[in-house]
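Enquirer: So I've got this file, final.csv, and it contains CSV, C-alpha atoms:
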chain,number,residue,atom,x,y,z
Y,250,MET,CA,157.1,-118.2,23.2
Y,251,THR,CA,154.4,-120.9,23.1
Y,252,GLY,CA,152.1,-121.5,20.2
Y,253,ARG,CA,149.2,-119.9,22.0
Y,254,THR,CA,147.7,-117.0,20.2
Y,255,PRO,CA,147.5,-113.9,22.4
Y,256,ARG,CA,143.9,-112.9,23.2
Y,257,LEU,CA,142.9,-109.3,22.9
Y,258,ILE,CA,140.1,-108.1,25.0
Y,259,ARG,CA,137.9,-105.5,23.4
Y,260,VAL,CA,136.9,-102.9,25.9
Y,261,GLY,CA,136.1,-99.8,23.8
Y,262,ARG,CA,134.3,-99.1,20.6
Y,263,ILE,CA,133.9,-101.5,17.7
Y,264,GLY,CA,136.6,-101.3,15.0
Y,265,ARG,CA,136.2,-98.6,12.4
Y,266,PRO,CA,135.3,-99.0,8.8
Y,267,VAL,CA,137.7,-100.9,6.6
Y,268,GLU,CA,139.2,-97.7,5.2
Y,269,ALA,CA,142.1,-95.6,6.4
Y,270,ARG,CA,141.4,-92.3,8.1
Y,271,GLY,CA,140.7,-89.7,5.4
Y,272,GLY,CA,139.3,-92.3,3.0
Y,273,ARG,CA,142.6,-93.8,1.8
Y,274,PRO,CA,141.9,-97.4,1.0
Y,275,ARG,CA,144.8,-99.9,1.4
Y,276,ARG,CA,145.7,-102.4,-1.2
Y,277,ARG,CA,145.5,-106.0,-0.1
Y,278,GLY,CA,148.8,-107.3,1.1
Y,279,THR,CA,150.6,-103.9,1.5
Y,280,GLN,CA,152.5,-103.1,4.6
Y,281,PRO,CA,151.6,-100.3,6.9
Y,282,LYS,CA,153.8,-97.3,7.2
Y,283,VAL,CA,154.5,-97.1,10.9
Y,284,VAL,CA,156.2,-94.3,12.9
Y,285,ALA,CA,157.2,-95.1,16.5
Y,286,LEU,CA,158.0,-92.2,18.9
Y,287,GLY,CA,159.8,-92.5,22.2
Y,288,GLY,CA,163.2,-93.2,23.7
Y,289,GLY,CA,165.3,-95.6,25.7
Y,290,MET,CA,164.2,-99.1,26.5
Y,291,GLY,CA,160.5,-98.4,26.0
Y,292,LEU,CA,161.0,-97.4,22.3
Y,293,SER,CA,163.4,-100.3,21.8
Y,294,ALA,CA,160.7,-102.8,23.0
Y,295,SER,CA,158.2,-101.2,20.6
Y,296,LEU,CA,160.6,-101.3,17.6
Y,297,ALA,CA,161.6,-104.9,18.3
Y,298,ALA,CA,157.9,-105.8,18.0
Y,299,LEU,CA,157.0,-103.6,15.1
Y,300,ARG,CA,159.9,-104.8,12.9
Y,301,ARG,CA,158.3,-108.2,13.0
Y,302,ILE,CA,155.1,-107.0,11.3
Y,303,THR,CA,156.2,-104.2,8.9
Y,304,GLY,CA,159.1,-103.4,6.7
Y,305,ASP,CA,158.2,-99.7,6.6
Y,306,LEU,CA,159.2,-98.5,10.0
Y,307,THR,CA,160.6,-95.2,11.3
Y,308,ALA,CA,161.7,-94.4,14.8
Y,309,VAL,CA,161.6,-90.8,16.0
Y,310,VAL,CA,163.7,-90.5,19.1
Y,311,THR,CA,164.0,-88.0,21.9
Y,312,VAL,CA,167.3,-86.1,22.2
Y,313,ALA,CA,167.2,-84.7,25.7
Y,314,ASP,CA,169.4,-87.4,27.4
Y,315,ASP,CA,172.1,-85.9,29.5
Y,316,GLY,CA,173.4,-88.9,31.5
Y,317,GLY,CA,176.1,-91.5,31.0
Y,318,SER,CA,178.1,-91.8,27.8
Y,319,SER,CA,175.6,-89.7,25.9
Y,320,GLY,CA,175.8,-86.9,28.4
Y,321,ARG,CA,179.6,-86.9,28.4
Y,322,LEU,CA,179.7,-86.7,24.6
Y,323,ARG,CA,177.1,-84.0,24.6
Y,324,ASP,CA,179.1,-81.9,27.1
Y,325,GLU,CA,182.4,-82.4,25.5
Y,326,LEU,CA,181.5,-82.1,21.8
Y,327,GLY,CA,178.2,-80.2,21.8
Y,328,VAL,CA,176.5,-83.0,19.8
Y,329,LEU,CA,173.0,-84.6,20.1
Y,330,PRO,CA,173.0,-87.3,22.7
Y,331,PRO,CA,173.4,-90.5,20.7
Y,332,GLY,CA,172.4,-93.1,23.3
Y,333,ASP,CA,168.7,-93.4,22.6
Y,334,LEU,CA,169.3,-93.3,18.8
Y,335,ARG,CA,171.8,-96.2,19.3
Y,336,LYS,CA,169.3,-98.2,21.3
Y,337,ALA,CA,166.7,-97.7,18.6
Y,338,LEU,CA,169.1,-98.9,15.9
Y,339,ALA,CA,170.0,-102.0,17.9
Y,340,ALA,CA,166.4,-102.8,18.3
Y,341,LEU,CA,165.9,-102.7,14.6
Y,342,CYS,CA,168.7,-105.2,13.9
Y,343,GLY,CA,167.5,-108.5,12.5
Y,344,ASP,CA,167.5,-111.9,14.3
Y,345,ASP,CA,170.1,-113.4,11.9
Y,346,ASP,CA,173.8,-113.6,12.8
Y,347,TRP,CA,174.7,-110.3,11.1
Y,348,GLY,CA,172.0,-108.4,12.9
Y,349,GLN,CA,172.6,-109.9,16.3
Y,350,THR,CA,176.4,-109.4,16.0
Y,351,TRP,CA,176.1,-105.8,15.1
Y,352,SER,CA,173.5,-105.2,17.8
Y,353,ARG,CA,175.9,-106.5,20.4
Y,354,VAL,CA,178.8,-104.5,18.9
Y,355,ILE,CA,177.1,-101.1,19.0
Y,356,GLN,CA,175.7,-101.8,22.5
Y,357,HIS,CA,179.1,-102.9,23.8
Y,358,ARG,CA,180.6,-100.6,26.5
Y,359,PHE,CA,184.2,-100.3,27.3
Y,360,THR,CA,185.5,-101.0,30.8
Y,361,SER,CA,188.7,-99.3,31.7
Y,362,GLN,CA,190.4,-96.9,34.2
Y,363,GLY,CA,190.5,-94.2,31.5
Y,364,ASP,CA,188.4,-91.8,29.5
Y,365,LEU,CA,186.8,-94.6,27.4
Y,366,HIS,CA,185.2,-96.2,30.5
Y,367,ASP,CA,181.5,-96.9,30.0
Y,368,HIS,CA,181.3,-95.3,26.5
Y,369,ALA,CA,179.2,-97.4,24.1
Y,370,VAL,CA,180.8,-98.3,20.7
Y,371,GLY,CA,177.6,-97.2,18.9
Y,372,ASN,CA,177.7,-93.8,20.5
Y,373,LEU,CA,181.2,-93.2,19.3
Y,374,LEU,CA,180.4,-94.5,15.8
Y,375,ILE,CA,177.3,-92.3,15.5
Y,376,VAL,CA,179.2,-89.1,16.7
Y,377,ALA,CA,182.1,-89.9,14.4
Y,378,LEU,CA,179.8,-90.0,11.4
Y,379,TRP,CA,178.1,-86.8,12.4
Y,380,GLU,CA,181.4,-85.1,12.4
Y,381,GLN,CA,182.5,-86.7,9.1
Y,382,LEU,CA,179.2,-86.1,7.2
Y,383,GLY,CA,177.9,-83.0,9.0
Y,384,ASP,CA,174.3,-84.4,8.6
Y,385,HIS,CA,172.5,-86.1,11.5
Y,386,VAL,CA,170.0,-88.0,9.2
Y,387,GLN,CA,172.5,-89.1,6.6
Y,388,ALA,CA,174.8,-90.4,9.3
Y,389,LEU,CA,172.0,-92.4,11.0
Y,390,ASP,CA,170.9,-93.8,7.7
Y,391,LEU,CA,174.4,-95.0,7.0
Y,392,VAL,CA,174.7,-96.7,10.4
Y,393,GLY,CA,171.3,-98.4,9.8
Y,394,LYS,CA,172.6,-99.6,6.4
Y,395,LEU,CA,175.7,-101.0,8.0
Y,396,LEU,CA,173.6,-102.8,10.7
Y,397,GLY,CA,171.0,-104.1,8.2
Y,398,ALA,CA,168.4,-102.3,10.3
Y,399,HIS,CA,164.8,-103.1,9.6
Y,400,GLY,CA,163.7,-99.5,9.6
Y,401,ARG,CA,164.9,-95.9,9.9
Y,402,VAL,CA,166.0,-93.9,13.0
Y,403,LEU,CA,165.6,-90.1,13.2
Y,404,PRO,CA,166.1,-87.6,16.0
Y,405,MET,CA,163.0,-85.6,16.9
Y,406,SER,CA,165.1,-82.4,16.8
Y,407,ALA,CA,168.5,-81.4,15.4
Y,408,VAL,CA,169.5,-79.5,18.5
Y,409,PRO,CA,170.3,-80.9,22.0
Y,410,LEU,CA,167.4,-80.4,24.4
Y,411,GLU,CA,167.3,-80.0,28.1
Y,412,LEU,CA,164.3,-81.4,29.9
Y,413,GLN,CA,163.0,-79.5,32.9
Y,414,ALA,CA,160.2,-80.6,35.2
Y,415,LEU,CA,158.1,-78.9,37.9
Y,416,VAL,CA,158.1,-81.3,40.8
Y,417,LYS,CA,156.1,-81.1,44.0
Y,418,GLY,CA,157.8,-82.4,47.1
Y,419,HIS,CA,161.2,-82.8,45.4
Y,420,ASP,CA,162.7,-81.8,48.7
Y,421,PRO,CA,161.2,-84.1,51.4
Y,422,GLU,CA,161.5,-81.4,53.9
Y,423,ARG,CA,159.3,-79.2,51.9
Y,424,PRO,CA,156.6,-81.6,50.6
Y,425,GLU,CA,154.2,-78.8,49.4
Y,426,ASP,CA,156.7,-76.8,47.5
Y,427,VAL,CA,157.2,-77.0,43.7
Y,428,ASP,CA,160.7,-77.0,42.4
Y,429,THR,CA,162.3,-77.0,38.9
Y,430,VAL,CA,164.3,-80.1,38.3
Y,431,ARG,CA,166.7,-80.0,35.3
Y,432,GLY,CA,168.0,-82.8,33.1
Y,433,GLN,CA,166.4,-85.9,31.8
Y,434,ALA,CA,168.5,-88.2,33.9
Y,435,THR,CA,167.5,-86.3,37.0
Y,436,VAL,CA,163.8,-86.1,36.1
Y,437,ALA,CA,163.6,-89.8,35.4
Y,438,LEU,CA,164.6,-90.6,39.0
Y,439,THR,CA,163.3,-87.6,40.9
Y,440,PRO,CA,161.6,-87.9,44.2
Y,441,GLY,CA,158.3,-86.1,44.6
Y,442,GLU,CA,155.4,-85.7,42.1
Y,443,VAL,CA,156.1,-84.5,38.6
Y,444,GLN,CA,153.5,-81.8,37.7
Y,445,SER,CA,154.6,-81.0,34.2
Y,446,VAL,CA,157.7,-80.9,31.9
Y,447,HIS,CA,159.0,-78.6,29.3
Y,448,LEU,CA,162.0,-78.3,27.0
Y,449,VAL,CA,164.8,-75.8,26.8
Y,450,PRO,CA,165.1,-74.2,24.3
Y,451,HIS,CA,161.3,-73.7,24.1
Y,452,ASP,CA,159.7,-74.4,20.7
Y,453,PRO,CA,162.7,-76.4,19.4
Y,454,PRO,CA,162.8,-77.1,15.6
Y,455,ALA,CA,161.8,-80.6,14.5
Y,456,VAL,CA,163.8,-82.6,12.1
Y,457,PRO,CA,161.9,-82.2,8.7
Y,458,GLU,CA,162.2,-85.9,7.9
Y,459,ALA,CA,160.5,-86.8,11.2
Y,460,VAL,CA,157.6,-84.4,10.5
Y,461,ALA,CA,157.3,-85.9,7.0
Y,462,ALA,CA,157.3,-89.4,8.3
Y,463,VAL,CA,154.5,-88.7,10.7
Y,464,GLN,CA,152.4,-86.9,8.1
Y,465,ASP,CA,152.9,-89.9,5.6
Y,466,ALA,CA,152.3,-92.7,8.1
Y,467,ASP,CA,149.4,-95.1,8.3
Y,468,TRP,CA,150.0,-95.7,12.1
Y,469,VAL,CA,151.8,-93.6,14.7
Y,470,VAL,CA,152.8,-95.5,17.9
Y,471,LEU,CA,153.6,-93.5,21.0
Y,472,GLY,CA,155.1,-95.3,24.0
Y,473,PRO,CA,155.8,-97.3,26.0
Y,474,GLY,CA,158.6,-95.7,27.9
Y,475,SER,CA,159.5,-93.2,30.7
Y,476,TRP,CA,156.4,-91.0,30.6
Y,477,PHE,CA,157.8,-87.6,31.3
Y,478,SER,CA,161.3,-88.1,30.0
Y,479,SER,CA,160.8,-90.2,26.8
Y,480,VAL,CA,157.1,-90.1,25.7
Y,481,ILE,CA,155.7,-86.6,26.5
Y,482,PRO,CA,158.8,-84.7,25.1
Y,483,HIS,CA,157.7,-85.4,21.5
Y,484,LEU,CA,154.5,-83.5,22.2
Y,485,LEU,CA,156.6,-80.4,23.3
Y,486,VAL,CA,158.2,-79.9,19.8
Y,487,PRO,CA,155.6,-77.7,18.0
Y,488,GLU,CA,156.2,-78.9,14.5
Y,489,LEU,CA,156.0,-82.5,15.6
Y,490,LEU,CA,152.9,-82.0,17.6
Y,491,ASP,CA,151.2,-80.2,14.7
Y,492,ALA,CA,152.1,-83.2,12.5
Y,493,LEU,CA,150.7,-85.6,15.1
Y,494,THR,CA,147.6,-83.6,15.4
Y,495,GLU,CA,147.0,-83.2,11.6
Y,496,THR,CA,148.2,-86.5,10.2
Y,497,LYS,CA,145.7,-88.8,8.7
Y,498,ALA,CA,147.4,-91.7,10.4
Y,499,ARG,CA,145.8,-93.6,13.2
Y,500,ARG,CA,147.5,-93.1,16.6
Y,501,VAL,CA,148.0,-95.8,19.2
Y,502,LEU,CA,149.4,-95.2,22.7
Y,503,SER,CA,151.1,-98.1,24.3
Y,504,LEU,CA,151.0,-98.0,28.1
Y,505,ASN,CA,153.8,-99.2,30.4
Y,506,LEU,CA,153.5,-102.4,32.3
Y,507,ALA,CA,154.2,-100.7,35.7
Y,508,PRO,CA,154.7,-97.2,37.1
Y,509,GLN,CA,158.3,-96.1,37.0
Y,510,PRO,CA,160.1,-95.4,40.3
Y,511,GLY,CA,160.6,-91.7,40.5
Y,512,GLU,CA,158.7,-89.9,37.8
Y,513,THR,CA,155.5,-91.9,37.7
Y,514,GLU,CA,155.5,-93.8,41.0
Y,515,GLY,CA,152.0,-94.5,42.1
Y,516,PHE,CA,150.5,-93.7,38.7
Y,517,SER,CA,147.4,-95.7,37.6
Y,518,PRO,CA,147.1,-96.5,33.9
Y,519,GLN,CA,144.4,-93.7,33.5
Y,520,ARG,CA,146.7,-91.2,35.3
Y,521,HIS,CA,149.2,-91.7,32.5
Y,522,LEU,CA,146.5,-90.7,30.0
Y,523,GLU,CA,145.5,-87.7,32.0
Y,524,VAL,CA,149.0,-86.2,32.2
Y,525,LEU,CA,149.6,-86.8,28.5
Y,526,GLY,CA,146.3,-85.0,27.7
Y,527,ARG,CA,147.3,-82.0,29.9
Y,528,HIS,CA,150.5,-81.6,27.9
Y,529,ALA,CA,148.8,-81.9,24.5
Y,530,PRO,CA,145.1,-81.1,24.9
Y,531,LYS,CA,144.4,-81.0,21.1
Y,532,LEU,CA,145.9,-84.4,20.4
Y,533,ALA,CA,143.4,-87.2,19.8
Y,534,LEU,CA,144.2,-90.9,20.0
Y,535,ASP,CA,142.6,-93.9,18.3
Y,536,VAL,CA,143.7,-96.8,20.4
Y,537,VAL,CA,145.2,-97.3,23.9
Y,538,LEU,CA,147.0,-100.6,24.3
Y,539,ALA,CA,147.6,-102.0,27.8
Y,540,ASP,CA,148.6,-105.3,29.3
Y,541,GLU,CA,145.4,-106.9,30.7
Y,542,ALA,CA,147.2,-107.8,34.0
Y,543,ALA,CA,148.3,-104.2,34.5
Y,544,VAL,CA,144.8,-102.7,34.5
Y,545,PRO,CA,143.0,-103.0,37.8
Y,546,ASP,CA,139.9,-101.1,36.7
Y,547,ARG,CA,139.0,-101.5,33.0
Y,548,GLU,CA,136.0,-99.2,33.1
Y,549,VAL,CA,138.0,-96.3,34.5
Y,550,LEU,CA,140.7,-96.7,31.9
Y,551,THR,CA,138.0,-96.9,29.2
Y,552,GLU,CA,136.5,-93.6,30.3
Y,553,ALA,CA,139.9,-91.9,30.4
Y,554,ALA,CA,140.7,-93.2,26.9
Y,555,LYS,CA,137.3,-92.0,25.6
Y,556,ARG,CA,138.2,-88.5,26.7
Y,557,LEU,CA,141.1,-88.7,24.2
Y,558,GLY,CA,138.9,-90.2,21.5
Y,559,ALA,CA,140.4,-93.7,21.9
Y,560,ALA,CA,139.3,-97.3,22.3
Y,561,VAL,CA,141.1,-99.5,24.7
Y,562,GLU,CA,142.7,-102.8,23.7
Y,563,LEU,CA,143.9,-105.2,26.4
Y,564,ALA,CA,146.3,-108.0,25.5
Y,565,PRO,CA,149.0,-110.1,27.3
Y,566,VAL,CA,152.2,-108.3,26.2
Y,567,ALA,CA,154.5,-108.8,29.2
Y,568,ARG,CA,157.3,-111.3,29.5
Y,569,ARG,CA,156.3,-114.4,31.4
Y,570,ASP,CA,159.2,-114.2,33.8
Y,571,GLY,CA,157.2,-111.6,35.9
Y,572,SER,CA,159.5,-108.7,35.0
Y,573,PRO,CA,157.9,-105.4,33.9
Y,574,ARG,CA,159.2,-105.8,30.4
Y,575,HIS,CA,157.4,-106.3,27.1
Y,576,ASP,CA,157.7,-109.6,25.2
Y,577,PRO,CA,158.5,-108.5,21.6
Y,578,GLU,CA,156.5,-111.4,20.0
Y,579,LEU,CA,153.5,-110.9,22.2
Y,580,LEU,CA,153.6,-107.1,21.6
Y,581,ALA,CA,154.0,-107.7,17.9
Y,582,ALA,CA,150.9,-109.9,17.9
Y,583,ALA,CA,149.0,-107.1,19.8
Y,584,TYR,CA,150.0,-104.4,17.3
Y,585,ASP,CA,149.3,-106.6,14.3
Y,586,ARG,CA,145.8,-107.3,15.7
Y,587,ILE,CA,145.2,-103.6,16.2
Y,588,PHE,CA,146.3,-102.7,12.7
Y,589,ARG,CA,144.0,-105.4,11.3
Y,590,MET,CA,141.0,-104.5,13.4
Y,591,HIS,CA,141.0,-100.7,13.3
Y,592,GLY,CA,140.1,-99.6,9.8
Y,593,ARG,CA,141.9,-101.6,7.1
Y,594,ILE,CA,141.4,-104.4,4.6
Y,595,GLY,CA,143.2,-107.7,4.5
Y,596,PRO,CA,146.5,-108.8,6.0
Y,597,TRP,CA,149.5,-106.5,6.0
Y,598,ARG,CA,151.8,-109.4,5.0
Would you give me this structure, written as structure tokens?
Expert:
Amino acid sequence: MTGRTPRLIRVGRIGRPVEARGGRPRRRGTQPKVVALGGGMGLSASLAALRRITGDLTAVVTVADDGGSSGRLRDELGVLPPGDLRKALAALCGDDDWGQTWSRVIQHRFTSQGDLHDHAVGNLLIVALWEQLGDHVQALDLVGKLLGAHGRVLPMSAVPLELQALVKGHDPERPEDVDTVRGQATVALTPGEVQSVHLVPHDPPAVPEAVAAVQDADWVVLGPGSWFSSVIPHLLVPELLDALTETKARRVLSLNLAPQPGETEGFSPQRHLEVLGRHAPKLALDVVLADEAAVPDREVLTEAAKRLGAAVELAPVARRDGSPRHDPELLAAAYDRIFRMHGRIGPWR
């Protein structure tokens, strides 16, 4: 990263008064309580940025994964899929030798001709502690302590979930038909146009600690990530959606750098907002963060954000190698600026 300070382009409304929502003033120098929701590499990117600007960070992770090592463990043992939880823990590891060593260890995958092939070490560790302790949250807290994680990782629900999607044109020979596609791994790569998603079981219970974290937060960050399979599922857990709707925290939605092949192919930035709004029409946002180079029409995005109650912040947050990946330091600078500009007093640090 160069020494250049990232420039945020204000597109929406002017920053709010220097007081947290609900009239809770913040003491000078205190850190924000931040909760980040998502799954997979999108959530990992957000956590890698957020841990640079706050020491009070909680990740709430989707548990609908049914592919790879997670899917095999889920099928064989009936456990929550541990993969996205593992990735979140790895993203919260520090930049010192201890943190980076443990990050590599839990992400390590075995290569063999036997049953261990492609299993991640962290997945096995997490599942072993679940079996030993009989408590999802306690086990994840213990793994975080071992890793020296800069934050806490929680599942959004304590039961394994199946993601189902209604997809138009899933079968190329029947382009106008709408079919039900089952499984997160399948939905993420489905051909056709995803119309909507839902969870099985319907109305799954939320983890109480996740609900409490959202209710007690200063900021809630949703996205980036696979829109239908990692971001929207949090809005389909009733207790979690109620907490997101009722919390006095401010809510920022972080958009992806590019549409995802399969589930959001051809989506504009504003289309992402529209489908999210359809799945949670009562949810209001405060800020929509997007990379300035990924927004072809700022006015259209601004109008779509306003319908959700949000201002738009544009900032350079992509890696400079041209890949559609977030740069953790640039993304951290963008979050930090948003936290400073939208309704608080003084520096967090």
Enquirer: Quick one: everything within 6 Å of range 576-590 of chain Y, counting all atoms listed in the file, minus sequence neighbours fewer than 3 positions away in the same chain. Send it as an MDAnalysis selection string.
Expert: chainID Y and resid 264 297:299 566:568
Enquirer: Smallest atom-to-atom distance to His575 in chain Y: which of Y:Gly343, Y:Gly291, Y:Gly526, Y:Pro510, using all atoms listed in the file?
Expert: Y:Gly291
Enquirer: Give me, as a ChimeraX atom specification, all polymer residues having an atom no more than 8 Å from Leu403 in chain Y, counting only C-alpha atoms and skipping those fewer than 4 positions away in the same chain.
Expert: /Y:307-310,334,386,389,456,458-459
Enquirer: Please list as a PDB file with C-alpha atoms, in the coordinates of the input every residue within 8 Å of range 311-324 of chain Y, counting all atoms listed in the file and excluding residues in the same chain fewer than 5 positions away.
Expert:
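And here is the file that came out, part.pdb:
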ATOM      1  CA  LEU Y 286     158.000 -92.200  18.900  1.00  0.00           C
ATOM      2  CA  GLY Y 287     159.800 -92.500  22.200  1.00  0.00           C
ATOM      3  CA  GLY Y 288     163.200 -93.200  23.700  1.00  0.00           C
ATOM      4  CA  LEU Y 329     173.000 -84.600  20.100  1.00  0.00           C
ATOM      5  CA  PRO Y 330     173.000 -87.300  22.700  1.00  0.00           C
ATOM      6  CA  PRO Y 331     173.400 -90.500  20.700  1.00  0.00           C
ATOM      7  CA  GLY Y 332     172.400 -93.100  23.300  1.00  0.00           C
ATOM      8  CA  ASP Y 333     168.700 -93.400  22.600  1.00  0.00           C
ATOM      9  CA  ASP Y 367     181.500 -96.900  30.000  1.00  0.00           C
ATOM     10  CA  HIS Y 368     181.300 -95.300  26.500  1.00  0.00           C
ATOM     11  CA  ALA Y 369     179.200 -97.400  24.100  1.00  0.00           C
ATOM     12  CA  ASN Y 372     177.700 -93.800  20.500  1.00  0.00           C
ATOM     13  CA  PRO Y 404     166.100 -87.600  16.000  1.00  0.00           C
ATOM     14  CA  MET Y 405     163.000 -85.600  16.900  1.00  0.00           C
ATOM     15  CA  SER Y 406     165.100 -82.400  16.800  1.00  0.00           C
ATOM     16  CA  VAL Y 408     169.500 -79.500  18.500  1.00  0.00           C
ATOM     17  CA  PRO Y 409     170.300 -80.900  22.000  1.00  0.00           C
ATOM     18  CA  LEU Y 410     167.400 -80.400  24.400  1.00  0.00           C
ATOM     19  CA  GLU Y 411     167.300 -80.000  28.100  1.00  0.00           C
ATOM     20  CA  LEU Y 412     164.300 -81.400  29.900  1.00  0.00           C
ATOM     21  CA  GLY Y 432     168.000 -82.800  33.100  1.00  0.00           C
ATOM     22  CA  GLN Y 433     166.400 -85.900  31.800  1.00  0.00           C
ATOM     23  CA  ALA Y 434     168.500 -88.200  33.900  1.00  0.00           C
ATOM     24  CA  SER Y 479     160.800 -90.200  26.800  1.00  0.00           C
ATOM     25  CA  PRO Y 482     158.800 -84.700  25.100  1.00  0.00           C
ATOM     26  CA  HIS Y 483     157.700 -85.400  21.500  1.00  0.00           C
TER      27      HIS Y 483
END
Enquirer: In Å, with one decimal, what is the gap from CA of Asp428 in chain Y to CA of Ser475 in chain Y?
Expert: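 Straight-line distance from CA of Asp428 in chain Y to CA of Ser475 in chain Y works out to 20.0 Å.
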Enquirer: When distances are computed from all atoms listed in the file, which of Y:Thr435, Y:Lys394, Y:Ser445, Y:Arg335 shows the smallest separation from Leu374 in chain Y?
Expert: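 For Leu374 in chain Y, the nearest of the given residues is Y:Arg335.
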Enquirer: Rank nothing, just name the residue among Y:Pro421, Y:Gly571, Y:Gly327, Y:Gly348 nearest to Val376 in chain Y, using only C-alpha atoms.
Expert: Y:Gly327
Enquirer: Using only C-alpha atoms, which residues sit within 12 Å of Leu493 in chain Y once same-chain residues fewer than 2 positions away are excluded, as number ranges by chain?
Expert: Y: 284-286, 459-471, 483-491, 495-501, 529, 531-534
Enquirer: From the set Y:His447, Y:Arg353, Y:Arg431, Y:Lys282, which residue has the shortest atom-to-atom contact distance to His419 in chain Y, counting all atoms listed in the file?
Expert: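 Closest to His419 in chain Y, using all atoms listed in the file: Y:Arg431.
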Enquirer: Figure out the distance between CA of Thr494 in chain Y and CA of Leu448 in chain Y, please, to one decimal in Å.
Expert: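 Calculated distance between CA of Leu448 in chain Y and CA of Thr494 in chain Y is 19.2 Å.
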Enquirer: Mind giving me the straight-line distance from CA of Leu550 in chain Y to CA of Leu504 in chain Y in Å, one decimal?
Expert: 11.1 Å
